[in-house]
>>> print(open('upload26.cif').read())   # mmCIF, C-alpha atoms
data_start
#
loop_
_atom_site.label_atom_id
_atom_site.label_comp_id
_atom_site.auth_asym_id
_atom_site.auth_seq_id
_atom_site.Cartn_x
_atom_site.Cartn_y
_atom_site.Cartn_z
CA MET A 1 0.00 0.00 0.00
CA VAL A 2 1.48 3.34 -1.09
CA LEU A 3 0.74 6.26 1.17
CA THR A 4 -0.35 9.54 -0.35
CA THR A 5 -1.65 12.38 1.81
CA ILE A 6 -2.34 12.57 5.51
CA ALA A 7 -6.02 13.15 4.75
CA GLU A 8 -6.22 10.02 2.59
CA ALA A 9 -4.48 7.95 5.28
CA ARG A 10 -6.99 9.23 7.83
CA ARG A 11 -9.89 8.30 5.54
CA MET A 12 -8.49 4.79 5.14
CA LEU A 13 -8.22 4.45 8.89
CA ALA A 14 -11.73 5.79 9.45
CA ARG A 15 -13.18 3.33 6.93
CA GLY A 16 -11.37 0.45 8.56
CA ASP A 17 -9.37 -0.25 5.40
CA ALA A 18 -6.17 -0.14 7.45
CA THR A 19 -4.86 0.24 10.97
CA HIS A 20 -2.00 2.39 12.11
CA THR A 21 -0.09 -0.82 12.80
CA SER A 22 -0.64 -2.14 9.28
CA LEU A 23 0.34 1.17 7.69
CA VAL A 24 3.57 1.40 9.65
CA ALA A 25 4.40 -2.27 9.11
CA GLN A 26 3.98 -1.80 5.36
CA ALA A 27 6.05 1.38 5.46
CA LEU A 28 8.88 -0.45 7.21
CA GLU A 29 8.67 -3.25 4.65
CA ALA A 30 8.85 -0.69 1.83
CA ALA A 31 11.82 1.00 3.52
CA ALA A 32 13.74 -2.27 3.19
CA ALA A 33 12.77 -2.86 -0.45
CA PRO A 34 15.20 -2.34 -3.37
CA ALA A 35 13.42 0.84 -4.53
CA ALA A 36 14.35 2.45 -1.21
CA GLN A 37 18.05 1.62 -1.42
CA HIS A 38 20.16 4.41 0.10
CA VAL A 39 17.07 6.29 1.38
CA PHE A 40 17.69 5.62 5.08
CA THR A 41 20.77 5.79 7.26
CA THR A 42 18.96 4.44 10.35
CA LEU A 43 15.62 2.72 10.88
CA TYR A 44 13.57 2.67 14.10
CA PRO A 45 11.23 -0.29 13.58
CA GLU A 46 10.48 -0.99 17.25
CA ALA A 47 9.73 2.63 18.15
CA ALA A 48 7.65 3.16 15.00
CA MET A 49 5.56 0.06 15.63
CA ALA A 50 5.08 1.05 19.26
CA ALA A 51 3.73 4.44 18.17
CA ALA A 52 1.40 2.73 15.70
CA ARG A 53 0.05 0.28 18.28
CA HIS A 54 -0.51 3.13 20.72
CA ALA A 55 -2.46 5.03 18.05
CA ASP A 56 -4.65 1.99 17.38
CA ALA A 57 -5.38 1.65 21.08
CA LEU A 58 -6.33 5.33 21.33
CA GLN A 59 -8.59 5.06 18.30
CA GLN A 60 -10.30 1.96 19.68
CA ALA A 61 -10.88 3.82 22.94
CA GLY A 62 -12.59 6.65 21.07
CA VAL A 63 -9.85 9.21 21.73
CA ALA A 64 -9.60 11.99 19.15
CA LEU A 65 -6.27 11.75 17.38
CA SER A 66 -4.05 14.51 16.06
CA PRO A 67 -3.47 14.32 12.29
CA LEU A 68 0.01 12.77 12.59
CA THR A 69 -0.76 10.24 15.32
CA GLY A 70 0.41 6.79 14.29
CA LEU A 71 1.36 7.82 10.76
CA PRO A 72 4.83 7.13 9.32
CA VAL A 73 7.13 10.13 8.98
CA THR A 74 10.88 10.40 8.46
CA ILE A 75 13.55 12.74 9.80
CA LYS A 76 16.71 13.96 8.10
CA ASP A 77 20.03 12.60 9.37
CA LEU A 78 21.07 16.01 10.78
CA TYR A 79 18.55 16.02 13.66
CA ASP A 80 19.53 14.91 17.14
CA VAL A 81 17.93 11.74 18.43
CA ALA A 82 18.69 11.03 22.07
CA GLY A 83 21.33 8.36 22.63
CA GLU A 84 22.91 8.29 19.19
CA PRO A 85 25.47 10.39 17.30
CA THR A 86 24.19 12.88 14.75
CA ARG A 87 26.08 12.04 11.56
CA ALA A 88 24.64 14.50 9.01
CA GLY A 89 25.28 12.12 6.13
CA ALA A 90 28.98 11.85 6.96
CA VAL A 91 31.25 9.06 8.21
CA VAL A 92 33.66 11.34 10.07
CA CYS A 93 30.93 11.80 12.71
CA ASP A 94 30.39 8.10 13.37
CA ASP A 95 32.34 8.37 16.62
CA ALA A 96 30.71 11.60 17.77
CA ALA A 97 29.21 11.77 21.25
CA PRO A 98 25.58 10.66 21.39
CA ALA A 99 22.94 13.37 21.56
CA ALA A 100 21.65 14.08 25.05
CA ALA A 101 18.11 14.81 23.85
CA ASP A 102 15.92 14.85 20.78
CA ALA A 103 15.99 18.02 18.72
CA PRO A 104 12.86 20.11 19.48
CA ALA A 105 11.40 19.41 16.03
CA VAL A 106 11.81 15.66 16.57
CA ALA A 107 10.42 15.86 20.10
CA ARG A 108 7.40 17.75 18.84
CA LEU A 109 6.71 15.14 16.17
CA ARG A 110 6.88 12.45 18.85
CA GLY A 111 4.57 14.56 21.00
CA GLN A 112 2.02 14.51 18.16
CA GLY A 113 2.24 10.71 18.13
CA ALA A 114 4.02 10.43 14.77
CA ALA A 115 5.57 7.05 14.00
CA ILE A 116 9.15 8.04 13.14
CA LEU A 117 10.41 5.38 10.75
CA GLY A 118 14.04 6.44 10.63
CA LYS A 119 16.67 8.94 9.64
CA THR A 120 17.01 9.70 5.94
CA ASN A 121 20.12 10.00 3.83
CA MET A 122 21.37 13.42 2.76
CA THR A 123 24.20 15.28 1.12
CA GLU A 124 27.14 15.21 3.53
CA PHE A 125 26.75 18.09 6.00
CA ALA A 126 23.86 19.40 3.83
CA PHE A 127 26.33 21.18 1.55
CA SER A 128 24.91 20.61 -1.96
CA GLY A 129 21.63 20.77 -3.83
CA VAL A 130 22.36 17.63 -5.84
CA GLY A 131 21.81 14.87 -3.28
CA ILE A 132 24.79 12.66 -4.12
CA ASN A 133 26.40 10.93 -1.13
CA PRO A 134 29.58 8.87 -1.75
CA HIS A 135 29.49 7.27 1.71
CA HIS A 136 25.92 6.02 1.98
CA GLY A 137 24.95 5.93 -1.69
CA THR A 138 22.51 8.20 -3.51
CA PRO A 139 18.75 7.59 -3.39
CA ARG A 140 17.28 7.22 -6.85
CA ASN A 141 14.62 9.70 -7.91
CA PRO A 142 11.41 7.64 -8.32
CA SER A 143 10.12 9.85 -11.15
CA ASP A 144 12.01 7.98 -13.89
CA ALA A 145 11.95 4.20 -14.10
CA ALA A 146 14.37 4.12 -17.02
CA VAL A 147 17.16 6.46 -15.88
CA ALA A 148 18.65 6.76 -12.37
CA ARG A 149 18.33 10.50 -11.74
CA ILE A 150 19.36 12.64 -8.79
CA PRO A 151 16.74 13.22 -6.09
CA GLY A 152 18.02 16.72 -5.31
CA GLY A 153 19.52 17.72 -2.01
CA SER A 154 20.43 18.10 0.52
CA SER A 155 17.23 16.44 1.85
CA SER A 156 17.55 13.61 -0.67
CA GLY A 157 16.34 10.61 1.31
CA ALA A 158 13.59 12.74 2.85
CA ALA A 159 12.11 13.47 -0.57
CA VAL A 160 12.38 9.91 -1.83
CA SER A 161 10.79 8.52 1.36
CA VAL A 162 7.67 10.57 0.57
CA ALA A 163 7.78 10.16 -3.22
CA LEU A 164 7.84 6.36 -2.80
CA GLY A 165 4.82 6.51 -0.50
CA ILE A 166 6.78 5.18 2.48
CA ALA A 167 6.05 8.23 4.63
CA VAL A 168 3.27 10.81 4.63
CA ALA A 169 5.79 13.58 5.33
CA ALA A 170 9.49 14.14 5.89
CA LEU A 171 11.31 16.51 8.21
CA GLY A 172 14.19 18.06 6.31
CA SER A 173 15.99 21.38 6.38
CA ASP A 174 16.59 24.28 4.00
CA THR A 175 19.74 26.43 3.96
CA GLY A 176 19.88 27.26 0.27
CA GLY A 177 17.01 25.19 -1.08
CA SER A 178 17.37 21.79 0.57
CA ILE A 179 13.61 21.30 1.02
CA ARG A 180 12.42 22.92 -2.19
CA ILE A 181 14.99 21.45 -4.61
CA PRO A 182 14.29 17.76 -3.86
CA ALA A 183 10.57 18.52 -3.60
CA ALA A 184 10.67 20.05 -7.08
CA LEU A 185 12.71 17.23 -8.62
CA CYS A 186 10.61 14.48 -7.02
CA GLY A 187 7.16 16.01 -7.63
CA LEU A 188 6.38 16.98 -4.04
CA VAL A 189 5.39 20.07 -2.07
CA GLY A 190 8.13 21.70 -0.01
CA PHE A 191 7.47 24.52 2.48
CA LYS A 192 10.45 26.61 3.57
CA THR A 193 9.23 28.80 6.39
CA THR A 194 10.81 31.94 7.76
CA GLN A 195 13.97 30.82 9.55
CA ALA A 196 12.86 31.95 13.02
CA ARG A 197 9.60 29.98 12.95
CA VAL A 198 11.01 26.62 14.17
CA PRO A 199 13.89 26.31 16.66
CA ARG A 200 17.15 25.01 15.21
CA THR A 201 18.41 23.55 18.49
CA GLY A 202 19.64 19.99 18.03
CA THR A 203 20.18 20.44 14.30
CA PHE A 204 23.64 19.90 12.78
CA GLU A 205 24.64 23.32 11.47
CA LEU A 206 25.52 24.13 7.92
CA ALA A 207 25.12 27.92 8.07
CA ARG A 208 23.47 29.39 11.14
CA SER A 209 22.43 32.57 9.30
CA LEU A 210 20.39 30.54 6.79
CA ASP A 211 19.50 27.09 8.21
CA THR A 212 15.74 26.52 8.40
CA VAL A 213 13.84 23.60 9.98
CA CYS A 214 10.96 22.63 7.69
CA ALA A 215 9.29 19.75 5.87
CA MET A 216 7.93 18.32 2.63
CA ALA A 217 4.87 16.23 1.82
CA ARG A 218 2.46 15.54 -1.03
CA SER A 219 0.18 18.54 -0.47
CA MET A 220 0.27 22.03 0.96
CA ASP A 221 -2.27 21.03 3.59
CA ASP A 222 0.07 18.25 4.74
CA CYS A 223 3.00 20.66 4.88
CA LEU A 224 0.92 22.94 7.10
CA THR A 225 0.06 20.00 9.36
CA VAL A 226 3.73 19.16 9.86
CA ASP A 227 4.66 22.83 10.21
CA ALA A 228 2.10 23.26 12.99
CA ALA A 229 3.60 20.28 14.80
CA ILE A 230 7.25 21.32 14.58
CA ALA A 231 6.59 25.02 15.18
CA GLY A 232 4.36 24.30 18.16
CA THR A 233 1.48 26.38 16.78
CA PRO A 234 -0.44 26.43 13.52
CA LEU A 235 -0.27 29.31 11.10
CA ALA A 236 -3.41 31.45 10.96
CA VAL A 237 -4.10 30.79 7.28
CA ARG A 238 -7.06 32.63 5.75
CA ARG A 239 -7.91 30.76 2.59
CA ARG A 240 -8.50 32.79 -0.54
CA PRO A 241 -9.21 32.23 -4.24
CA VAL A 242 -6.70 32.59 -7.04
CA ALA A 243 -8.75 35.39 -8.58
CA GLY A 244 -7.30 38.71 -7.52
CA LEU A 245 -3.86 37.45 -6.51
CA ARG A 246 -1.00 39.71 -7.57
CA LEU A 247 1.99 37.56 -8.51
CA ALA A 248 5.34 39.04 -9.55
CA VAL A 249 7.50 37.21 -12.09
CA PRO A 250 11.15 38.35 -11.82
CA GLN A 251 12.89 39.07 -15.11
CA THR A 252 16.38 38.97 -13.58
CA LEU A 253 18.41 35.79 -12.94
CA MET A 254 15.67 33.27 -12.19
CA PHE A 255 15.09 32.13 -15.79
CA ASP A 256 18.69 32.10 -16.99
CA GLY A 257 19.82 28.69 -18.32
CA ILE A 258 16.30 27.26 -18.27
CA GLU A 259 15.63 23.98 -20.04
CA PRO A 260 12.88 24.14 -22.70
CA ALA A 261 10.63 21.52 -21.08
CA VAL A 262 10.87 23.29 -17.74
CA ALA A 263 10.10 26.65 -19.40
CA ALA A 264 7.05 25.11 -21.07
CA ALA A 265 5.73 23.78 -17.76
CA PHE A 266 6.13 27.21 -16.20
CA GLU A 267 4.33 28.96 -19.06
CA GLN A 268 1.44 26.50 -18.88
CA ALA A 269 1.14 27.10 -15.13
CA VAL A 270 1.16 30.87 -15.62
CA GLN A 271 -1.55 30.60 -18.25
CA ARG A 272 -3.75 28.52 -15.96
CA LEU A 273 -3.32 30.97 -13.11
CA SER A 274 -4.04 33.91 -15.38
CA ARG A 275 -7.21 32.25 -16.70
CA ALA A 276 -8.28 31.66 -13.09
CA GLY A 277 -8.07 35.39 -12.42
CA ALA A 278 -4.57 35.93 -11.01
CA LEU A 279 -2.77 39.09 -12.10
CA ILE A 280 0.70 38.09 -13.33
CA VAL A 281 3.12 41.01 -13.45
CA ASP A 282 6.64 40.91 -14.88
CA ILE A 283 9.06 42.92 -12.73
CA PRO A 284 12.77 43.61 -13.24
CA PHE A 285 13.84 42.76 -9.66
CA ALA A 286 17.38 43.79 -10.51
CA GLU A 287 18.42 43.27 -6.90
CA LEU A 288 18.62 39.52 -7.59
CA ALA A 289 21.70 40.11 -9.73
CA GLU A 290 23.52 41.56 -6.72
CA ILE A 291 23.45 38.42 -4.57
CA ALA A 292 26.51 36.76 -6.09
CA SER A 293 28.76 39.73 -5.34
CA LEU A 294 27.21 40.60 -1.97
CA ASN A 295 27.57 37.00 -0.76
CA ALA A 296 31.30 36.85 -1.62
CA PRO A 297 33.95 35.79 -0.71
CA GLY A 298 32.75 32.27 -0.04
CA GLY A 299 29.37 33.36 1.24
CA PHE A 300 27.54 32.56 4.45
CA SER A 301 27.40 28.82 3.79
CA ALA A 302 31.16 28.40 3.27
CA VAL A 303 32.25 30.82 6.01
CA GLU A 304 29.89 29.47 8.66
CA ALA A 305 30.43 25.83 7.65
CA TYR A 306 34.19 26.33 7.94
CA ALA A 307 33.70 27.61 11.48
CA VAL A 308 31.85 24.38 12.29
CA HIS A 309 34.27 22.02 10.55
CA ARG A 310 37.71 23.64 10.62
CA GLN A 311 39.21 21.27 13.20
CA ARG A 312 37.57 18.21 11.69
CA LEU A 313 38.68 19.30 8.23
CA ALA A 314 42.27 19.80 9.38
CA GLU A 315 42.44 16.40 11.06
CA ARG A 316 40.23 14.16 8.88
CA ARG A 317 39.78 15.72 5.49
CA ASP A 318 40.35 12.39 3.75
CA GLY A 319 37.12 11.17 5.36
CA PHE A 320 34.99 13.94 3.79
CA ASP A 321 33.19 13.90 0.48
CA PRO A 322 35.90 15.70 -1.55
CA ARG A 323 33.37 18.01 -3.20
CA VAL A 324 31.93 19.03 0.15
CA ALA A 325 35.39 19.54 1.64
CA GLN A 326 36.31 21.74 -1.32
CA ARG A 327 33.30 23.98 -0.77
CA ILE A 328 33.78 24.23 3.00
CA ALA A 329 37.45 25.10 2.56
CA THR A 330 36.57 28.20 0.54
CA GLY A 331 35.42 29.77 3.81
CA ALA A 332 38.88 29.54 5.38
CA SER A 333 40.19 32.84 4.05
CA ALA A 334 37.34 35.04 5.27
CA THR A 335 38.25 37.51 8.01
CA ALA A 336 36.05 38.80 10.80
CA ALA A 337 35.73 42.03 8.83
CA ASP A 338 34.59 40.06 5.77
CA TYR A 339 31.99 38.26 7.86
CA ILE A 340 30.60 41.47 9.37
CA ALA A 341 30.47 42.99 5.90
CA LEU A 342 28.46 39.99 4.68
CA HIS A 343 25.83 40.65 7.35
CA ASP A 344 25.71 44.38 6.69
CA ALA A 345 25.36 43.90 2.94
CA ARG A 346 22.62 41.33 3.41
CA ALA A 347 20.62 43.55 5.76
CA GLY A 348 20.65 46.42 3.27
CA TRP A 349 19.73 44.13 0.40
CA ILE A 350 16.82 42.60 2.32
CA ALA A 351 15.36 46.05 3.01
CA ARG A 352 15.48 46.96 -0.68
CA ALA A 353 14.10 43.60 -1.82
CA GLU A 354 11.24 43.71 0.68
CA ALA A 355 10.28 47.16 -0.63
CA ARG A 356 10.32 45.80 -4.19
CA LEU A 357 7.87 43.01 -3.26
CA ALA A 358 5.59 45.02 -0.96
CA SER A 359 2.71 45.39 -3.44
CA PHE A 360 2.54 41.71 -4.42
CA ASP A 361 1.02 38.62 -2.81
CA ALA A 362 4.00 36.49 -3.84
CA LEU A 363 6.98 36.19 -6.13
CA LEU A 364 6.40 33.54 -8.82
CA CYS A 365 9.18 31.65 -10.61
CA LEU A 366 10.62 28.20 -11.12
CA THR A 367 12.04 26.37 -8.13
CA VAL A 368 14.91 25.12 -10.31
CA PRO A 369 15.49 25.78 -14.03
CA ILE A 370 16.40 22.19 -14.95
CA ALA A 371 14.94 18.71 -14.64
CA ALA A 372 16.78 16.12 -12.56
CA PRO A 373 20.04 15.07 -14.33
CA PRO A 374 21.24 11.45 -14.34
CA ILE A 375 23.24 10.49 -11.25
CA ALA A 376 26.02 8.89 -13.29
CA ASP A 377 26.73 12.09 -15.23
CA LEU A 378 27.30 14.10 -12.07
CA VAL A 379 29.30 11.41 -10.28
CA ALA A 380 31.64 11.18 -13.26
CA SER A 381 32.37 14.86 -13.78
CA ASP A 382 33.22 17.63 -11.32
CA GLU A 383 32.42 20.17 -14.02
CA ALA A 384 28.93 18.72 -14.59
CA PHE A 385 28.36 18.38 -10.84
CA PHE A 386 29.21 21.97 -9.96
CA ARG A 387 27.33 23.37 -12.95
CA ALA A 388 24.20 21.46 -11.95
CA ASN A 389 24.66 22.36 -8.29
CA GLY A 390 24.86 26.04 -9.14
CA LEU A 391 21.70 25.94 -11.23
CA LEU A 392 19.80 23.91 -8.65
CA LEU A 393 20.62 26.30 -5.80
CA ARG A 394 20.43 29.63 -7.62
CA ASN A 395 16.71 30.43 -7.43
CA THR A 396 16.03 28.90 -4.04
CA PHE A 397 19.07 30.49 -2.37
CA ALA A 398 17.77 33.95 -3.21
CA ILE A 399 14.88 33.39 -0.80
CA ASN A 400 17.16 32.14 1.98
CA TYR A 401 19.29 35.23 1.46
CA LEU A 402 16.07 37.26 1.74
CA ASP A 403 15.27 35.45 5.02
CA GLY A 404 11.94 34.82 3.36
CA CYS A 405 9.47 31.99 3.08
CA ALA A 406 8.73 29.89 0.00
CA VAL A 407 6.74 26.95 -1.31
CA SER A 408 7.57 24.62 -4.19
CA LEU A 409 4.53 23.10 -5.93
CA PRO A 410 4.53 20.49 -8.72
CA CYS A 411 3.49 22.03 -12.05
CA GLN A 412 4.56 19.54 -14.73
CA ALA A 413 2.19 18.02 -17.27
CA SER A 414 1.39 14.32 -17.09
CA GLY A 415 4.25 12.17 -18.32
CA MET A 416 6.91 14.85 -17.78
CA LEU A 417 9.73 14.79 -15.30
CA PRO A 418 8.77 16.82 -12.23
CA VAL A 419 9.00 20.61 -12.35
CA GLY A 420 8.61 22.87 -9.34
CA LEU A 421 6.75 26.19 -9.28
CA MET A 422 8.08 28.42 -6.50
CA LEU A 423 5.98 30.98 -4.64
CA SER A 424 7.94 33.20 -2.27
CA SER A 425 7.46 36.12 0.08
CA VAL A 426 9.26 38.10 2.75
CA ARG A 427 10.13 37.04 6.30
CA GLY A 428 7.20 36.55 8.63
CA ASP A 429 4.70 36.33 5.78
CA ASP A 430 4.31 32.55 6.12
CA ALA A 431 0.55 32.53 6.75
CA ARG A 432 -0.31 34.74 3.78
CA LEU A 433 2.08 32.81 1.53
CA ALA A 434 0.49 29.53 2.63
CA ALA A 435 -2.93 30.87 1.61
CA VAL A 436 -1.55 31.85 -1.79
CA ALA A 437 0.06 28.42 -2.19
CA LEU A 438 -3.18 26.62 -1.33
CA ALA A 439 -5.05 28.65 -3.94
CA VAL A 440 -2.40 28.12 -6.61
CA GLU A 441 -2.16 24.41 -5.84
CA ALA A 442 -5.92 24.03 -6.29
CA ALA A 443 -5.80 25.92 -9.61
CA LEU A 444 -3.05 23.68 -10.97
CA VAL A 445 -4.80 20.38 -10.22
#
>>> encode(input="upload26.cif", output="structure tokens")
Amino acid sequence: MVLTTIAEARRMLARGDATHTSLVAQALEAAAAPAAQHVFTTLYPEAAMAAARHADALQQAGVALSPLTGLPVTIKDLYDVAGEPTRAGAVVCDDAAPAAADAPAVARLRGQGAAILGKTNMTEFAFSGVGINPHHGTPRNPSDAAVARIPGGSSSGAAVSVALGIAVAALGSDTGGSIRIPAALCGLVGFKTTQARVPRTGTFELARSLDTVCAMARSMDDCLTVDAAIAGTPLAVRRRPVAGLRLAVPQTLMFDGIEPAVAAAFEQAVQRLSRAGALIVDIPFAELAEIASLNAPGGFSAVEAYAVHRQRLAERRDGFDPRVAQRIATGASATAADYIALHDARAGWIARAEARLASFDALLCLTVPIAAPPIADLVASDEAFFRANGLLLRNTFAINYLDGCAVSLPCQASGMLPVGLMLSSVRGDDARLAAVALAVEAALV
């Protein structure tokens, strides 16, 4: 049985077509199947089954259940789980001290009764949008049966666990696009909230100025369900129709290097939204072209990651993914003055960008400008890898740099490889953006 949405799972349970125990047992069986190779780094079968049995007992007793109670979810390998080391997709952390407590996001999922199946594979230390992991293998994108394609990263296993129907939702993270990129490439919905919405305690750092705790699922409603759980409070979303929405399409940067099939999917989505009554406005948004220079040298991710890893890199570099080590090492030359200048430049840019977007309900563009490339091509060539990585991260990173919020929605036609449509807004605008995303999602169905 392949799981789809939380709502559908709840309907199955209400009809008596399944029990929580049977759903979790089937999920664990699927997690061990060949299609799920390299998806998980750790499985928790006993704990997951215990949560499922508890949910069945509560249901039989007539107790009202929260939406996630007894349903299978997964957590990314960079979240603390009490009693075990947090490896973040690496092998150099195998001998790290065990975590003293669950990360708050994990604890809150447990508090909602979720059946946590296991930790999912990821790009080492979350430092790539591709999803390739030379230590634990690379999960195969389920969207193409003929060609083994990348899942996107860094939340690679998270996306595949949902795309395969093993889990109803996956806890990931997003520093430069790590929720939205794999969601886009695997045909899922990814919701990157404003960074401050969910505590980052107990999360293995990539870049503290950008890291965001968030999740992906098969629908926007499901993303909101998980967000409410991990944030500790639901967003006050006031649903609205597509008609009357003002959506800005940036003419700078976001469509450079776009593949024709991806461009066609975007144009079809825009046409559908326009016919439904949305006002689509092209804007220059020239500020987007400034990010590359303002975020140099190295940028927040490299500078802050180097601060985390400098001792480990000096002592055990041969144990790193060489491509990850290369990127982290670019942060070594930054001075304190450089780092302060990065923050000052970002603050000024955010103020100007927020003013540019003030009259719109959301920014509308592609999540990534390319479809998922074959894994083999990017494993074989550093040039191909870094070119793809740059394209995958470019659009999504702009919203992290903005400290904004964003949603990736599937928008491809039937039979196409997945394409993500990204809706974005400014920091703290999560509830309004969620309402826009719900309306757009409904119009694209």
>>> residues_around(input="upload26.cif", residues="Gly299 in chain A", least_positions_apart="2", cutoff="10 Å", atoms="all atoms listed in the file", output="list in words")
Ala207, Ile291, Ala292, Ser293, Leu294, Asn295, Ala296, Pro297, Ser301, Ala302, Val303, Glu304, Ala305, Thr330, Gly331, Ala334, Asp338, Tyr339 and Leu342 of chain A
>>> resolve_selection(input="upload26.cif", expression="the PyMOL selection byres ((chain A and resi 125-134) around 9)", output="ChimeraX atom specification")
/A:78,87-90,121-124,135-139,150-157,173-178,181-182,204-206,301-302,305,321,323-324,327-328,372,375,378-379,385,388-390,392-393
>>> atom_distance(input="upload26.cif", atom1="CA of Ala18 in chain A", atom2="CA of Ala114 in chain A")
16.4 Å
>>> resolve_selection(input="upload26.cif", expression="the PyMOL selection byres ((chain A and resi 164) around 12)", output="number ranges by chain")
A: 1-4, 27, 30-31, 33-37, 39, 139-144, 151, 157-163, 165-170, 186-188, 217-218
>>> resolve_selection(input="upload26.cif", expression="the PyMOL selection byres ((chain A and resi 410-412) around 8)", output="number ranges by chain")
A: 184, 187-189, 262, 265-266, 269, 408-409, 413-414, 416-421, 444
>>> atom_distance(input="upload26.cif", atom1="CA of Ala358 in chain A", atom2="CA of Pro234 in chain A")
24.3 Å
>>> closest_residue(input="upload26.cif", among="A:Pro250, A:Pro284, A:Gly277, A:Gly232", to="Ala362 in chain A", atoms="only C-alpha atoms")
A:Pro250
>>> closest_residue(input="upload26.cif", among="A:Val81, A:Ala215, A:Leu117, A:Ala329", to="Ala103 in chain A", atoms="all atoms listed in the file")
A:Val81
>>> closest_residue(input="upload26.cif", among="A:Pro241, A:Gly415, A:Gly298, A:Gly404", to="Ala437 in chain A", atoms="all atoms listed in the file")
A:Pro241
>>> build_atoms(input="upload26.cif", residues="range 394-399 of chain A", atoms="all heavy atoms", output="mmCIF file, keeping the file's coordinate frame")
data_model
loop_
_atom_site.group_PDB
_atom_site.id
_atom_site.type_symbol
_atom_site.label_atom_id
_atom_site.label_comp_id
_atom_site.auth_asym_id
_atom_site.auth_seq_id
_atom_site.Cartn_x
_atom_site.Cartn_y
_atom_site.Cartn_z
ATOM 1 N N ARG A 394 20.473 28.201 -7.328
ATOM 2 C CA ARG A 394 20.430 29.630 -7.620
ATOM 3 C C ARG A 394 19.112 30.302 -7.219
ATOM 4 O O ARG A 394 19.105 31.298 -6.485
ATOM 5 C CB ARG A 394 20.678 29.855 -9.113
ATOM 6 C CG ARG A 394 20.777 31.315 -9.513
ATOM 7 C CD ARG A 394 20.677 31.460 -11.006
ATOM 8 N NE ARG A 394 19.379 31.044 -11.527
ATOM 9 C CZ ARG A 394 19.176 30.603 -12.767
ATOM 10 N NH1 ARG A 394 20.194 30.484 -13.600
ATOM 11 N NH2 ARG A 394 17.950 30.252 -13.161
ATOM 12 N N ASN A 395 17.996 29.787 -7.691
ATOM 13 C CA ASN A 395 16.710 30.430 -7.430
ATOM 14 C C ASN A 395 16.298 30.313 -5.970
ATOM 15 O O ASN A 395 15.812 31.268 -5.365
ATOM 16 C CB ASN A 395 15.627 29.820 -8.316
ATOM 17 C CG ASN A 395 15.832 30.126 -9.788
ATOM 18 O OD1 ASN A 395 16.830 30.725 -10.176
ATOM 19 N ND2 ASN A 395 14.890 29.708 -10.611
ATOM 20 N N THR A 396 16.474 29.123 -5.421
ATOM 21 C CA THR A 396 16.030 28.900 -4.040
ATOM 22 C C THR A 396 16.875 29.697 -3.051
ATOM 23 O O THR A 396 16.356 30.243 -2.074
ATOM 24 C CB THR A 396 16.089 27.410 -3.697
ATOM 25 O OG1 THR A 396 17.394 26.891 -3.985
ATOM 26 C CG2 THR A 396 15.048 26.623 -4.481
ATOM 27 N N PHE A 397 18.203 29.771 -3.306
ATOM 28 C CA PHE A 397 19.070 30.490 -2.370
ATOM 29 C C PHE A 397 18.673 31.948 -2.226
ATOM 30 O O PHE A 397 18.816 32.534 -1.147
ATOM 31 C CB PHE A 397 20.536 30.398 -2.791
ATOM 32 C CG PHE A 397 21.444 31.184 -1.873
ATOM 33 C CD1 PHE A 397 21.776 30.686 -0.618
ATOM 34 C CD2 PHE A 397 21.917 32.437 -2.241
ATOM 35 C CE1 PHE A 397 22.571 31.426 0.247
ATOM 36 C CE2 PHE A 397 22.715 33.176 -1.390
ATOM 37 C CZ PHE A 397 23.047 32.673 -0.137
ATOM 38 N N ALA A 398 18.164 32.543 -3.285
ATOM 39 C CA ALA A 398 17.770 33.950 -3.210
ATOM 40 C C ALA A 398 16.762 34.185 -2.096
ATOM 41 O O ALA A 398 16.788 35.236 -1.428
ATOM 42 C CB ALA A 398 17.190 34.400 -4.551
ATOM 43 N N ILE A 399 15.896 33.220 -1.846
ATOM 44 C CA ILE A 399 14.880 33.390 -0.800
ATOM 45 C C ILE A 399 15.479 33.161 0.585
ATOM 46 O O ILE A 399 15.074 33.800 1.555
ATOM 47 C CB ILE A 399 13.680 32.459 -1.056
ATOM 48 C CG1 ILE A 399 13.213 32.606 -2.508
ATOM 49 C CG2 ILE A 399 12.550 32.765 -0.086
ATOM 50 C CD1 ILE A 399 12.910 34.032 -2.942
#
